Protein chains: 2
Amino acid sequence: MSGEIKTLTIGRLARKAGVNLETIRYYQRVGIISEPAKPLQGYRQYPADTIDRIHFIKRSQQLGFSLQEIAELLQLGDGHCSDVRQRAIHKRDTIVQQIADLNALKDTLENLISACGSGGQAHCPIVETLASRH
Amino acid sequence: MSGEIKTLTIGRLARKAGVNLETIRYYQRVGIISEPAKPLQGYRQYPADTIDRIHFIKRSQQLGFSLQEIAELLQLGDGHCSDVRQRAIHKRDTIVQQIADLNALKDTLENLISACGSGGQAHCPIVETLASRH
DNA sequence: TAAAACTCTGTACCTGTATACGGGGTTTAT
DNA sequence: ATAAACCCCGTATACAGGTACAGAGTTTTA
């Protein structure tokens, strides 16, 4: 039945999570990771699931979320269920819009690519297209 | 048969191109717009097609290119179509991946939203999920 | 037990993408 | 002809997202 909770110092945490140590301090400064209290003696101990939180942050960043938005996502955990649900719905709607925008970009790029691929023309159609027409 | 070439001062150029005047100076500093020589007296005159170049830059930014990448695109110039095409392909692939990732996140959020909506449970499923395990 | 490796705190610096400001000079409009 | 509007130049500032470093203390390890 042990209640042993594994903890890490900041350097180990950084290595395990695959980020720079200073990045963790930065995340603490901007409030998306909480800083454990400094023990009377020794170093701060970070719970092992902080690794998961860092992965969550990094994954969200890859999806195009700013740290500010990630902070909001993380704060979804702060309210009551219905509030949380509302915010999740809002976030979902934002994501749906982002997907639509990205799809439009993809189509544009695809048109440019195929125009470009259809022959050895003197002027690149991509350059032509981007340069004019607005 | 006049060879009249229309030119603009920087402020007019900025208004026509729909950008801040300082943005144009900035683009000059980073080398993606060339700065006309200062005439012995009077103001610098910008050729009208600088408007097109600014549109090219803005349009490319919307497609997700950084100014650095745009500089490279511009340096490829005419004729090197296949290089430009390669870059566009690479960018498209990046976007396709982003879309897939966003769709996965949307699905996740959708699951959370419906789990949350299906009853007044003691623990909010969204809170639970975000709090651990990602 | 001493050296190496690590942490803590505070502050400084970096890149990218701009935008703003001050104190001049120039052009245009009235 | 004079005020308003505009340009020039250099410097400063902003914001996001980090990264670096110095100097002192702590822990680990050889």
# chains A, B, ... in the order shown; residues from 1 in each chain; ligands from 1
>>> interface_residues(of="chain B", to="chain C", cutoff="7 Å", atoms="only C-alpha atoms (C1' of nucleotides)", output="list of chain:residue names")
B:Glu22, B:Thr23, B:Gly42
>>> closest_atom_pairs(of="chain B", to="chain D", cutoff="9 Å", atoms="only C-alpha atoms (C1' of nucleotides)", output="Markdown table")
| residue | atom | partner | partner_atom | distance |
| --- | --- | --- | --- | --- |
| B:Thr9 | CA | D:DC7 | C1' | 8.3 |
| B:Ile10 | CA | D:DC7 | C1' | 8.0 |
| B:Gly11 | CA | D:DC6 | C1' | 7.8 |
| B:Gly42 | CA | D:DC7 | C1' | 8.6 |
| B:Tyr43 | CA | D:DC7 | C1' | 6.4 |
| B:Arg44 | CA | D:DC7 | C1' | 8.4 |
>>> residues_around(residues="segment 98-107 of chain A", least_positions_apart="3", cutoff="7 Å", atoms="only C-alpha atoms (C1' of nucleotides)", output="list in words")
Thr94, Ile95, Glu110 and Asn111 of chain A; Leu63, Arg92, Ile95, Ile99 and Leu102 of chain B
>>> select_by_dssp(residues="chain A", states="strand (DSSP E or B)", output="JSON, numbers by chain")
{"A": [7, 8, 46, 47]}
>>> write_last_selection(atoms="N, CA and C atoms", output="PDB file, in the first residue's frame")
ATOM      1  N   THR A   7       9.308  11.783  -7.198  1.00  0.00           N
ATOM      2  CA  THR A   7       9.570  13.185  -7.492  1.00  0.00           C
ATOM      3  C   THR A   7      10.926  13.337  -8.153  1.00  0.00           C
ATOM      4  N   LEU A   8      11.101  14.495  -8.756  1.00  0.00           N
ATOM      5  CA  LEU A   8      12.306  14.763  -9.525  1.00  0.00           C
ATOM      6  C   LEU A   8      12.822  16.149  -9.200  1.00  0.00           C
ATOM      7  N   TYR A  46       9.763  17.947  -7.895  1.00  0.00           N
ATOM      8  CA  TYR A  46       8.646  18.022  -8.836  1.00  0.00           C
ATOM      9  C   TYR A  46       7.984  16.654  -8.948  1.00  0.00           C
ATOM     10  N   PRO A  47       6.649  16.622  -8.823  1.00  0.00           N
ATOM     11  CA  PRO A  47       5.950  15.344  -9.015  1.00  0.00           C
ATOM     12  C   PRO A  47       6.160  14.834 -10.435  1.00  0.00           C
TER      13      PRO A  47
END
>>> calpha_fit_rmsd(fixed="chain A", moving="chain B")
3.1 Å
>>> atom_distance(atom1="atom CA of Gln61 of chain B", atom2="atom CA of Ile54 of chain A")
28.9 Å
>>> closest_residue(among="B:Leu112, B:Ile5, B:Cys81, B:Val30", to="chain A", atoms="only C-alpha atoms")
B:Cys81
>>> select_by_dssp(residues="segment 8-105 of chain A", states="helix (DSSP H, G or I)", output="ChimeraX atom specification")
/A:10-17,21-29,50-62,67-78,81-105
>>> write_last_selection(atoms="C-alpha atoms", output="short mmCIF file (atom, residue, chain, number, x, y, z; two decimals), in the first residue's frame")
data_model
loop_
_atom_site.label_atom_id
_atom_site.label_comp_id
_atom_site.auth_asym_id
_atom_site.auth_seq_id
_atom_site.Cartn_x
_atom_site.Cartn_y
_atom_site.Cartn_z
CA ILE A 10 14.28 20.29 -11.97
CA GLY A 11 17.21 19.06 -14.02
CA ARG A 12 15.97 15.48 -14.10
CA LEU A 13 12.52 16.70 -14.93
CA ALA A 14 13.90 18.72 -17.84
CA ARG A 15 15.81 15.74 -19.21
CA LYS A 16 12.84 13.40 -18.84
CA ALA A 17 10.48 15.84 -20.48
CA LEU A 21 15.73 23.45 -17.78
CA GLU A 22 15.25 27.16 -18.24
CA THR A 23 12.09 26.50 -20.17
CA ILE A 24 10.61 24.93 -17.07
CA ARG A 25 11.48 27.98 -15.04
CA TYR A 26 9.93 30.09 -17.75
CA TYR A 27 6.73 28.05 -17.67
CA GLN A 28 6.61 28.59 -13.94
CA ARG A 29 7.00 32.32 -14.43
CA THR A 50 4.76 17.25 -14.36
CA ILE A 51 6.32 15.42 -17.27
CA ASP A 52 2.83 14.82 -18.61
CA ARG A 53 1.97 18.44 -18.21
CA ILE A 54 5.03 19.50 -20.17
CA HIS A 55 4.15 17.05 -22.90
CA PHE A 56 0.66 18.45 -22.97
CA ILE A 57 2.08 21.95 -23.36
CA LYS A 58 4.47 20.94 -26.10
CA ARG A 59 1.85 19.01 -27.98
CA SER A 60 -0.56 21.91 -27.78
CA GLN A 61 2.12 24.26 -29.05
CA GLN A 62 2.65 22.03 -32.03
CA LEU A 67 1.16 29.62 -24.15
CA GLN A 68 -1.67 31.97 -23.26
CA GLU A 69 -4.19 29.67 -24.88
CA ILE A 70 -2.58 26.68 -23.26
CA ALA A 71 -2.95 28.40 -19.91
CA GLU A 72 -6.65 28.71 -20.64
CA LEU A 73 -6.91 25.08 -21.62
CA LEU A 74 -5.23 24.12 -18.40
CA GLN A 75 -7.53 26.36 -16.42
CA LEU A 76 -10.43 24.32 -17.71
CA GLY A 77 -9.71 22.28 -14.64
CA ASP A 78 -10.57 25.11 -12.30
CA CYS A 81 -18.40 20.94 -14.76
CA SER A 82 -20.76 23.12 -16.75
CA ASP A 83 -18.29 26.01 -16.94
CA VAL A 84 -15.59 23.64 -17.98
CA ARG A 85 -17.84 22.15 -20.59
CA GLN A 86 -18.67 25.56 -22.02
CA ARG A 87 -15.04 26.42 -22.38
CA ALA A 88 -14.26 23.11 -23.96
CA ILE A 89 -17.05 23.70 -26.47
CA HIS A 90 -15.68 27.10 -27.26
CA LYS A 91 -12.22 25.70 -27.72
CA ARG A 92 -13.56 22.98 -29.95
CA ASP A 93 -15.29 25.56 -32.12
CA THR A 94 -12.06 27.51 -32.41
CA ILE A 95 -10.28 24.38 -33.47
CA VAL A 96 -12.91 23.58 -36.05
CA GLN A 97 -12.36 27.03 -37.52
CA GLN A 98 -8.61 26.56 -37.51
CA ILE A 99 -9.01 23.30 -39.36
CA ALA A 100 -11.14 25.03 -41.97
CA ASP A 101 -8.54 27.77 -42.37
CA LEU A 102 -5.73 25.28 -42.69
CA ASN A 103 -7.69 23.32 -45.25
CA ALA A 104 -8.11 26.46 -47.29
CA LEU A 105 -4.37 27.08 -47.11
#
>>> atom_distance(atom1="atom CA of Thr108 of chain B", atom2="atom CA of Gly64 of chain B")
25.5 Å
>>> closest_residue(among="B:Ala115, B:Asp49, B:Lys38, B:Leu109", to="chain A", atoms="only C-alpha atoms")
B:Leu109
>>> atom_distance(atom1="atom CA of Lys6 of chain A", atom2="atom CA of Pro39 of chain A")
15.9 Å
